[in-house]
Amino acid sequence: MASERTEELYKLLSSRGYPKELCAEIAYKNMNTDYTATRMIGYLYRVTNPRIEDLIDEMLAILSDREEILRKKEAERAQAAINEIYRNGL
């Protein structure tokens with residue numbers, strides 16, 4: 001079941017006249033978290049009618065940002081575990 005933000009993104013993309021298959025691919029397969037869907041919705045409100053190439057480029061940039069955030073959080077958890085070992089030993 002898709003989130004409300006994902007549904008909103010799909011409806012916004014389709015209302016802008018993009019092909020239904022592209023809308024589904026973007027909203028349901030790639031931008032299927034609230035974070036990514038919200039970022040893409042914001043982009044679509046700032047840039048009224050981006051070309052398909054620009055839309056895909058923005059999608060890839062958003063996904064790249066999300067991956068970087070996840071890597072940073074993982075590194076922070078690992079560092080916290082190391083710090084705990086230094087403080088308390090094994």
# chains A, B, ... in the order shown; residues from 1 in each chain; ligands from 1
>>> closest_atom_pairs(of="segment 15-41 of chain A", to="segment 64-79 of chain A", cutoff="12 Å", atoms="only C-alpha atoms", output="tab-separated table")
residue	atom	partner	partner_atom	distance
A:Asn30	CA	A:Ser64	CA	11.4
A:Met31	CA	A:Arg66	CA	10.4
A:Asn32	CA	A:Arg66	CA	11.9
A:Thr33	CA	A:Arg66	CA	10.1
A:Asp34	CA	A:Arg66	CA	11.4
A:Tyr35	CA	A:Arg66	CA	8.3
A:Thr36	CA	A:Arg66	CA	7.5
A:Ala37	CA	A:Arg66	CA	11.3
A:Arg39	CA	A:Arg66	CA	10.3
>>> residues_around(residues="Lys11 of chain A", least_positions_apart="2", cutoff="12 Å", atoms="only C-alpha atoms", output="short mmCIF file (atom, residue, chain, number, x, y, z; two decimals) with N, CA and C atoms, in the first residue's frame")
data_model
loop_
_atom_site.label_atom_id
_atom_site.label_comp_id
_atom_site.auth_asym_id
_atom_site.auth_seq_id
_atom_site.Cartn_x
_atom_site.Cartn_y
_atom_site.Cartn_z
N GLU A 4 0.37 8.22 1.55
CA GLU A 4 -0.38 9.36 1.02
C GLU A 4 0.51 10.26 0.17
N ARG A 5 1.75 10.46 0.60
CA ARG A 5 2.66 11.31 -0.16
C ARG A 5 2.99 10.70 -1.52
N THR A 6 3.15 9.37 -1.55
CA THR A 6 3.42 8.69 -2.81
C THR A 6 2.24 8.82 -3.75
N GLU A 7 1.04 8.64 -3.21
CA GLU A 7 -0.18 8.80 -4.02
C GLU A 7 -0.28 10.24 -4.54
N GLU A 8 0.01 11.20 -3.66
CA GLU A 8 -0.03 12.60 -4.06
C GLU A 8 0.96 12.87 -5.19
N LEU A 9 2.15 12.30 -5.09
CA LEU A 9 3.15 12.46 -6.13
C LEU A 9 2.67 11.88 -7.45
N LEU A 13 2.12 14.11 -10.82
CA LEU A 13 2.82 13.80 -12.07
C LEU A 13 1.84 13.55 -13.21
N SER A 14 0.81 12.76 -12.94
CA SER A 14 -0.14 12.46 -14.01
C SER A 14 -0.95 13.69 -14.41
N SER A 15 -1.24 14.56 -13.45
CA SER A 15 -1.98 15.78 -13.79
C SER A 15 -1.16 16.73 -14.64
N ARG A 16 0.17 16.58 -14.58
CA ARG A 16 1.06 17.41 -15.41
C ARG A 16 1.25 16.84 -16.81
N GLY A 17 0.61 15.70 -17.08
CA GLY A 17 0.63 15.15 -18.42
C GLY A 17 1.75 14.17 -18.73
N TYR A 18 2.48 13.72 -17.72
CA TYR A 18 3.53 12.74 -17.95
C TYR A 18 2.89 11.38 -18.22
N PRO A 19 3.57 10.51 -18.99
CA PRO A 19 3.01 9.18 -19.27
C PRO A 19 2.74 8.41 -17.98
N LYS A 20 1.62 7.68 -17.96
CA LYS A 20 1.21 6.94 -16.76
C LYS A 20 2.29 5.96 -16.29
N LEU A 22 5.53 6.22 -16.64
CA LEU A 22 6.59 6.99 -16.01
C LEU A 22 6.17 7.45 -14.62
N CYS A 23 4.94 7.91 -14.50
CA CYS A 23 4.43 8.35 -13.19
C CYS A 23 4.48 7.21 -12.18
N ALA A 24 4.03 6.04 -12.59
CA ALA A 24 4.04 4.88 -11.68
C ALA A 24 5.47 4.48 -11.33
N ILE A 26 8.16 6.36 -11.24
CA ILE A 26 8.74 7.36 -10.33
C ILE A 26 8.12 7.25 -8.94
N ALA A 27 6.79 7.29 -8.87
CA ALA A 27 6.11 7.37 -7.57
C ALA A 27 6.17 6.06 -6.80
N TYR A 28 5.89 4.94 -7.45
CA TYR A 28 5.72 3.69 -6.71
C TYR A 28 6.99 2.85 -6.62
N ALA A 37 9.25 11.26 -1.75
CA ALA A 37 8.05 11.78 -2.41
C ALA A 37 7.86 13.26 -2.09
N ILE A 41 7.77 16.29 -4.77
CA ILE A 41 6.60 17.17 -4.82
C ILE A 41 7.05 18.62 -4.72
N LEU A 44 8.43 19.72 -7.98
CA LEU A 44 7.39 19.95 -8.99
C LEU A 44 6.62 21.23 -8.75
#
>>> closest_residue(among="A:Ile85, A:Met40, A:Leu12, A:Val47", to="Met59 of chain A", atoms="only C-alpha atoms")
A:Met40
>>> closest_residue(among="A:Ile56, A:Thr48, A:Leu63, A:Tyr43", to="Glu25 of chain A", atoms="only C-alpha atoms")
A:Ile56
>>> closest_residue(among="A:Asn88, A:Arg46, A:Arg51, A:Ala2", to="Lys29 of chain A", atoms="only C-alpha atoms")
A:Ala2
>>> select_by_dssp(residues="chain A", states="helix (DSSP H, G or I)", output="ChimeraX atom specification")
/A:4-15,20-30,34-46,52-88
